[in-house]
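> This structure is in structure tokens; I'll ask about it shortly.
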Amino acid sequence: MSNTNTIFTEEHNIQAPCKLFVVGNPQVLLIQPSARHEEKNGGVRREVDLIAQASPTGFAMVFFDCVEWARALMPWADDAVSRDAEVGRHAPDTLRFIEHTLLPWLRERFGALPCIIGGYSLGGLFALWAARNTDAFTAVAAASPSLWINGWGEYAAAHPILSPQATTQHSTLNIQHSELPQATTQHSTLNIPHSELRSCAIHLSLGDREEHCRNQRMKRIGDCVRAEHTLLCQQLSPTAVTLRWHEGGHFGAEAERTAEAFAWCIEQLVHNFQQPQK
């Protein structure tokens, strides 16, 4: 069942320009940093449409504009990304904005719903870094993340993903009975305390030609993503992590790849709520 006929769009300025998309009756919050290149050819709206087509679960998704993409998202400096002296200094500021301004604003409007963070390229890198610095996120949708930056492997190994915690004792996910197995449909909704969330779910993806580029640093990306997948399977569990290979290089189908990552995360969230907690 598609949600595409119930998409509402709003624009806000919450310390940064934001686009909010409300799809159906929101049961989960999605947050993604965005840049000018993602706006081309209606990429942001196309991504929302694709998530809505793939998932029957309602959601509220906000894209916040990163005018200086590398400054806002790079967790530390790497000259291969930028020689700007400000790059590597402001990722903590971006995370504070999400955690203390954007997320409270969303939850004031939609309730204390679980939150998935995600992004493409540096956005995917930032999402994986952010989930290692706060327990605010239930899942991470990291599409073609730039894990080739200097020092990522060592940092990731020393800083496990933080398990999501309850934001309030009354936080629940209301799943419509049509989304559940037949054995659970005696009630119209399932009300599961947010405090019963399992470990964070992670979706990684990469284009199958990305590791065959000419740039000597960037061609390491295949091995870096494989290593991240292995590490996350050890830190979390093999069932909490997936690695999806797409056809193509780094540039192209950004909206499609990121939408698939978010849709998978939503599916895992719903699935986890259906399973008995151990």
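Ordered as shown in the structure tokens, chains take letters A, B, and onward, while each chain numbers its residues from 1 and ligands are numbered from 1 in the order shown.
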Env of Trp148 in chain A: 10 Å cut, atoms = only C-alpha atoms, seq-sep filter 5 positions within chain, self excluded. Answer as a CSV table (one decimal) with N, CA and C atoms, in the first residue's frame.

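Generated file (selection.csv):
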chain,number,residue,atom,x,y,z
A,80,ALA,N,42.1,15.5,1.6
A,80,ALA,CA,41.5,14.9,0.4
A,80,ALA,C,40.1,15.3,0.2
A,125,LEU,N,28.3,9.4,6.0
A,125,LEU,CA,29.4,9.4,6.9
A,125,LEU,C,29.0,10.1,8.2
A,153,GLY,N,38.4,4.0,10.2
A,153,GLY,CA,38.4,2.6,10.7
A,153,GLY,C,38.8,2.5,12.2
A,217,ARG,N,42.8,7.5,-3.1
A,217,ARG,CA,42.2,7.5,-1.8
A,217,ARG,C,40.8,7.0,-1.8
A,218,MET,N,40.0,7.5,-2.8
A,218,MET,CA,38.6,7.1,-2.9
A,218,MET,C,38.4,5.7,-3.3
A,219,LYS,N,39.4,5.1,-4.0
A,219,LYS,CA,39.2,3.7,-4.5
A,219,LYS,C,39.3,2.7,-3.3
A,220,ARG,N,39.7,3.2,-2.1
A,220,ARG,CA,39.7,2.4,-0.9
A,220,ARG,C,38.3,2.1,-0.4
A,221,ILE,N,37.3,2.8,-0.9
A,221,ILE,CA,36.0,2.8,-0.3
A,221,ILE,C,35.4,1.4,-0.2
A,222,GLY,N,35.6,0.6,-1.2
A,222,GLY,CA,35.0,-0.8,-1.1
A,222,GLY,C,35.5,-1.5,0.1
A,223,ASP,N,36.8,-1.5,0.4
A,223,ASP,CA,37.4,-2.2,1.5
A,223,ASP,C,36.9,-1.5,2.8
A,224,CYS,N,36.8,-0.2,2.8
A,224,CYS,CA,36.4,0.5,4.0
A,224,CYS,C,34.9,0.2,4.4
A,225,VAL,N,34.1,0.1,3.4
A,225,VAL,CA,32.6,-0.2,3.7
A,225,VAL,C,32.5,-1.7,4.1
> Could you check the closest approach to Cys213 in chain A for each of A:His250, A:Ile149, A:Thr230, A:Ile266 and tell me which residue wins, using only C-alpha atoms?
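Between A:His250, A:Ile149, A:Thr230, A:Ile266, the residue approaching Cys213 in chain A most closely is A:His250.
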> Using only C-alpha atoms, find the one residue out of A:Val241, A:Leu73, A:Val270, A:Trp129 that sits nearest to Gly58 in chain A.
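Looking only at the distances to Gly58 in chain A, the closest residue turns out to be A:Val270.
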> Determine, for each residue of range 79-108 of chain A having at least one atom at most 12 Å from an atom of range 64-68 of chain A, the closest pair of atoms and their separation in Å to one decimal, counting only C-alpha atoms; order by chain and ascending number, as a Markdown table.

| residue | atom | partner | partner_atom | distance |
| --- | --- | --- | --- | --- |
| A:Ser82 | CA | A:Glu68 | CA | 11.3 |
| A:Asp84 | CA | A:Glu68 | CA | 10.6 |
| A:Glu86 | CA | A:Glu68 | CA | 10.0 |
| A:Val87 | CA | A:Glu68 | CA | 9.1 |
| A:Gly88 | CA | A:Glu68 | CA | 11.7 |
| A:His90 | CA | A:Glu68 | CA | 10.2 |
| A:Ala91 | CA | A:Cys66 | CA | 11.0 |
| A:Asp93 | CA | A:Cys66 | CA | 11.9 |
| A:Thr94 | CA | A:Cys66 | CA | 9.1 |
| A:Leu95 | CA | A:Phe64 | CA | 11.8 |
| A:Phe97 | CA | A:Phe64 | CA | 10.2 |
| A:Ile98 | CA | A:Phe64 | CA | 9.2 |
| A:Thr101 | CA | A:Phe64 | CA | 11.7 |
| A:Leu102 | CA | A:Phe64 | CA | 8.9 |
| A:Leu103 | CA | A:Phe64 | CA | 11.5 |
> Hey, what's within 10 Å of Trp264 in chain A if we count only C-alpha atoms and toss same-chain stuff fewer than 3 positions away? As a ChimeraX atom specification, please?
/A:51,54-55,139-141,201-203,242,258-261,267-270
> Between A:Pro92, A:Gly123, A:Gly118, A:Gly249, which residue has the minimum interatomic distance to Ile31 in chain A, considering only C-alpha atoms?
A:Gly118
> Using only C-alpha atoms, which of A:Met74, A:Val62, A:Ala85, A:Val23 sits nearest Asp49 in chain A?
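Nearest to Asp49 in chain A: A:Val23.
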> Pick the closest to Leu20 in chain A from A:Trp105, A:Tyr120, A:Trp152, A:Phe126: which is it, counting only C-alpha atoms?
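For Leu20 in chain A, the nearest of the given residues is A:Trp105.
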> For a quick check of understanding, using only C-alpha atoms, which of A:Pro17, A:Leu231, A:Asn133, A:Thr9 has the smallest distance to Pro33 in chain A?
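Between A:Pro17, A:Leu231, A:Asn133, A:Thr9, the residue approaching Pro33 in chain A most closely is A:Pro17.
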> Where in range 61-148 of chain A does DSSP assign helix (DSSP H, G or I), given as a PyMOL selection string?
chain A and resi 69-73+91-110+122-130
> Have a look at CA of Ala112 in chain A and CA of Ala136 in chain A and let me know their distance in Å, one decimal.
11.0 Å
